[in-house]
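To start, the structure under review is shown below, and the notes come after it.
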Amino acid sequence: MPVVLLLSGPNLNLLGDREPDIYGTGTLDECVADARAIADAGGHVLEDLQSNHEGELVDAIQGARGRCAAVVINPGALTHYSFALADALAAFDGVKVELHLSNPASREEWRRRSVIAPYVTGTIAGFGRSGYRLALEAVVERLASE
Ligand code: DQA
């Protein structure tokens with residue numbers, strides 16, 4: 001069964017508690033469970049990892065090369081400045097989804113730039129917890145069409 005890797009970056013372990021007016025009240029476990037339900041239904045295996053450390057996320061993307069069909073990543077603030085994540089994603093050949101709960105394009109100036117955007121298949125942003133379900137639906141459909 002195709003493996004999909006769901007990565008969550010810094011501070012996403014605090015979901016549900018962290019700025020709920022922006023990020024909602026759902027926990028990361030609940031977001032991952034939403035994603036897993038879609039992956040399971042589509043006949044995929046979902047692996048997930050949250051890390052507050054850039055290098056650990058880079059290692060995970062490298063480890064997905066040749067092993068995973070897709071990577072879905074909410075890099076948190078690393079979105080806006082991590083060229084290491086951008087390079088790691090560029091070197092991954094499968095489907096890649098950039099995912100955000102909020103819509104960074106409608107927030108502070110520094111959030112409006114994504115350095116990983118040029119290296120992903122597509123982006124889902126601004127739909128809160130639903131984004132996890134939407135991202136997996138997009139991945140399952142894309143993989144089915146390949
Ligand atoms: C975020 C948006 C980022 O700007 C922020 O640093 C986060 C979460 C989101 O899901 O909306 O940590 O990626």
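Starting from 1 in every chain, residues are counted up; chains themselves are A, B, ... following the order of the structure tokens, and ligands are numbered from 1 as listed.
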Taking only C-alpha atoms and all ligand atoms into account, which residues are within 8 Å of ligand 1, as a ChimeraX atom specification? /A:9-12,22-23,74-80,99-104,111,125-126,128
Extract, using only C-alpha atoms, all DNA, RNA and protein residues at most 7 Å from stretch 41-54 of chain A, discarding same-chain residues fewer than 3 positions from it, and format them as a list of chain:residue names.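 My list of contacting residues is A:Met1, A:Pro2, A:Val3, A:Val4, A:Leu5, A:Leu6, A:Leu7, A:Ser8, A:Gly9, A:Pro10, A:Asn11, A:Asn13, A:Arg36, A:Ala37, A:Ile38, A:Leu57, A:Val58, A:Val140.
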Taking the backbone alone, and naming residues the way the document does, which bits of chain A are alpha helix (DSSP H) by DSSP, as a PyMOL selection string? chain A and resi 20-23+28-41+54-64+83-90+130-145
Taking the DSSP assignment computed from this structure's backbone, write out as a VMD selection string all residues of chain A that belong to strand (DSSP E). chain A and resid 3 to 8 45 to 50 70 to 74 95 to 100 122 to 125
Using atom CA of A:Phe83 and atom CA of A:Arg67 as the two end points, give the distance in Å to one decimal.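 These two atoms are separated by 22.8 Å.
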